[in-house]
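Q: First the structure, which I've put down as structure tokens, then a few questions once you've had a look.
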Amino acid sequence: MMTSNQIVSFVARYYKENGGLLANVYKHSRPTVDAGSEYVVVNSLDIPNKLLQELIVNVNLHVNDINSTVPNTARLEELESNAYNVLDKVHSGEIDLYIQTSKTFRENSLNEHYVNIRLLVKILKNS
């Protein structure tokens, strides 16, 4: 059986190794030190106890605003499009990934916006 930590690690590693544009990928939360002007945070919701397990994983693509009130929409759109190409309809043998939704949010305290991509992860193999 895979744990939520293993699945988050899989998604983070898969993003980095398969063409994700951002190099700074953090699991569960952003670091308390400067994370840089662009970074990814991958986290998950609970795993239900089923034979075919499903899990929701959030992939959050963070980008600094152009100024305190203007998001960098061009870069957010580029990163979102890239993430769709990398993460949608992935079939690895043990895990399948499907994008359910995406939405952009403002992070007021950090002067940045982020695109939240919600993935449905299906765990096909209990090991």
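Residues in the structure tokens are named by chain (A, B, ... in the order shown) and by number from 1 within that chain; ligands are numbered from 1 in the order shown.
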From a DSSP pass on the backbone, collect the residues of chain A flagged as strand (DSSP E or B) and hand them back as an MDAnalysis selection string.
A: chainID A and resid 25:27 38:44 53:64 67 70 90:91 95:107 112:123
Q: Within 12 Å of Ala74 of chain A, counting only C-alpha atoms, which residues qualify if same-chain residues fewer than 5 places away don't, as a PyMOL selection string?
A: chain A and resi 63-66+79-81+113
Q: May I ask which of the residues A:His62, A:Lys89, A:Arg75, A:Arg13 is the closest one to Leu110 of chain A, counting only C-alpha atoms?
A: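 Of all the options, A:His62 lies closest to Leu110 of chain A.
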Q: Just the residues within 6 Å of segment 56-61 of chain A, please, counting only C-alpha atoms, with nothing from its chain fewer than 4 positions along; format it as a list in words.
A: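 Residues meeting the cut-off are Val40, Val41, Val42, Asn43, Ser44, Leu45, Tyr114, Val115, Asn116, Ile117, Arg118, Leu119 and Leu120 of chain A.
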Q: Based on the selection just made, write C-alpha atoms of those residues as a compact mmCIF listing (two decimals), in the first residue's frame.
A:
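The resulting file, result.txt, is reproduced below:
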```txt
# COMPACT_ATOMS: atom_id res chain seq x y z
CA VAL A 40 5.78 24.43 -6.99
CA VAL A 41 4.19 22.98 -3.86
CA VAL A 42 2.71 19.46 -4.05
CA ASN A 43 0.41 18.25 -1.25
CA SER A 44 -2.45 15.82 -0.78
CA LEU A 45 -5.77 15.17 0.89
CA TYR A 114 -0.67 30.59 -7.86
CA VAL A 115 -2.47 28.13 -10.06
CA ASN A 116 -3.93 25.24 -8.08
CA ILE A 117 -4.14 22.11 -10.21
CA ARG A 118 -6.20 19.40 -8.58
CA LEU A 119 -5.17 15.90 -9.64
CA LEU A 120 -7.12 12.71 -9.15
```
Q: Quick one: of A:Glu112, A:Glu17, A:Met2, A:Phe105, who's nearest to Tyr39 of chain A, counting only C-alpha atoms?
A: A:Glu112
Q: Counting only C-alpha atoms, which residue out of A:Gly36, A:Lys122, A:Thr3, A:Ser68 sits closest to Ser109 of chain A?
A: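 The closest residue to Ser109 of chain A is A:Ser68.
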Q: In terms of the shortest atom-to-atom distance over only C-alpha atoms, which of A:Thr32, A:Asn108, A:Gln53, A:Asn18 is closest to Ile95 of chain A?
A: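 Nearest to Ile95 of chain A: A:Gln53.
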Q: Per DSSP on the backbone, filter chain A down to the residues in helix (DSSP H, G or I) and report them as a ChimeraX atom specification.
A: /A:4-17,73-87,108-110
Q: Could the residues in this selection be saved with C-alpha atoms as a PDB file, in the first residue's frame?
A:
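Now in selection_28.pdb:
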```pdb
ATOM      1  CA  SER A   4       0.168   9.781   0.886  1.00  0.00           C
ATOM      2  CA  ASN A   5       3.816  10.852   1.354  1.00  0.00           C
ATOM      3  CA  GLN A   6       4.943   8.344  -1.283  1.00  0.00           C
ATOM      4  CA  ILE A   7       2.292   9.575  -3.698  1.00  0.00           C
ATOM      5  CA  VAL A   8       3.219  13.235  -3.156  1.00  0.00           C
ATOM      6  CA  SER A   9       6.866  12.282  -3.770  1.00  0.00           C
ATOM      7  CA  PHE A  10       5.873  10.435  -6.955  1.00  0.00           C
ATOM      8  CA  VAL A  11       3.934  13.427  -8.334  1.00  0.00           C
ATOM      9  CA  ALA A  12       6.726  15.895  -7.433  1.00  0.00           C
ATOM     10  CA  ARG A  13       9.390  13.650  -8.995  1.00  0.00           C
ATOM     11  CA  TYR A  14       7.252  12.978 -12.079  1.00  0.00           C
ATOM     12  CA  TYR A  15       6.714  16.723 -12.634  1.00  0.00           C
ATOM     13  CA  LYS A  16      10.448  17.425 -12.405  1.00  0.00           C
ATOM     14  CA  GLU A  17      11.572  14.490 -14.551  1.00  0.00           C
ATOM     15  CA  THR A  73      -0.797  36.163 -15.993  1.00  0.00           C
ATOM     16  CA  ALA A  74       1.359  35.322 -19.004  1.00  0.00           C
ATOM     17  CA  ARG A  75       3.739  33.256 -16.881  1.00  0.00           C
ATOM     18  CA  LEU A  76       0.894  31.642 -14.903  1.00  0.00           C
ATOM     19  CA  GLU A  77      -0.768  30.615 -18.190  1.00  0.00           C
ATOM     20  CA  GLU A  78       2.517  29.207 -19.528  1.00  0.00           C
ATOM     21  CA  LEU A  79       3.145  27.161 -16.371  1.00  0.00           C
ATOM     22  CA  GLU A  80      -0.450  25.920 -16.230  1.00  0.00           C
ATOM     23  CA  SER A  81      -0.338  24.798 -19.864  1.00  0.00           C
ATOM     24  CA  ASN A  82       2.979  23.037 -19.277  1.00  0.00           C
ATOM     25  CA  ALA A  83       1.655  21.283 -16.166  1.00  0.00           C
ATOM     26  CA  TYR A  84      -1.391  20.067 -18.124  1.00  0.00           C
ATOM     27  CA  ASN A  85       0.954  18.572 -20.742  1.00  0.00           C
ATOM     28  CA  VAL A  86       3.113  16.913 -18.078  1.00  0.00           C
ATOM     29  CA  LEU A  87       0.519  15.710 -15.549  1.00  0.00           C
ATOM     30  CA  ASN A 108      -1.789  38.357  -0.461  1.00  0.00           C
ATOM     31  CA  SER A 109       0.957  38.082   2.133  1.00  0.00           C
ATOM     32  CA  LEU A 110       3.532  36.998  -0.476  1.00  0.00           C
TER      33      LEU A 110
END
```
Q: From the set A:Asp34, A:Asp46, A:Glu94, A:Asp88, which residue has the shortest atom-to-atom contact distance to Met1 of chain A, counting only C-alpha atoms?
A: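 Counting only C-alpha atoms, the residue closest to Met1 of chain A is A:Glu94.
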Q: When you count only C-alpha atoms, which of these residues is closest to Thr104 of chain A: A:Leu124, A:Ser92, A:Arg30, A:Asn72?
A: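 That would be A:Asn72, the residue with the smallest distance to Thr104 of chain A.
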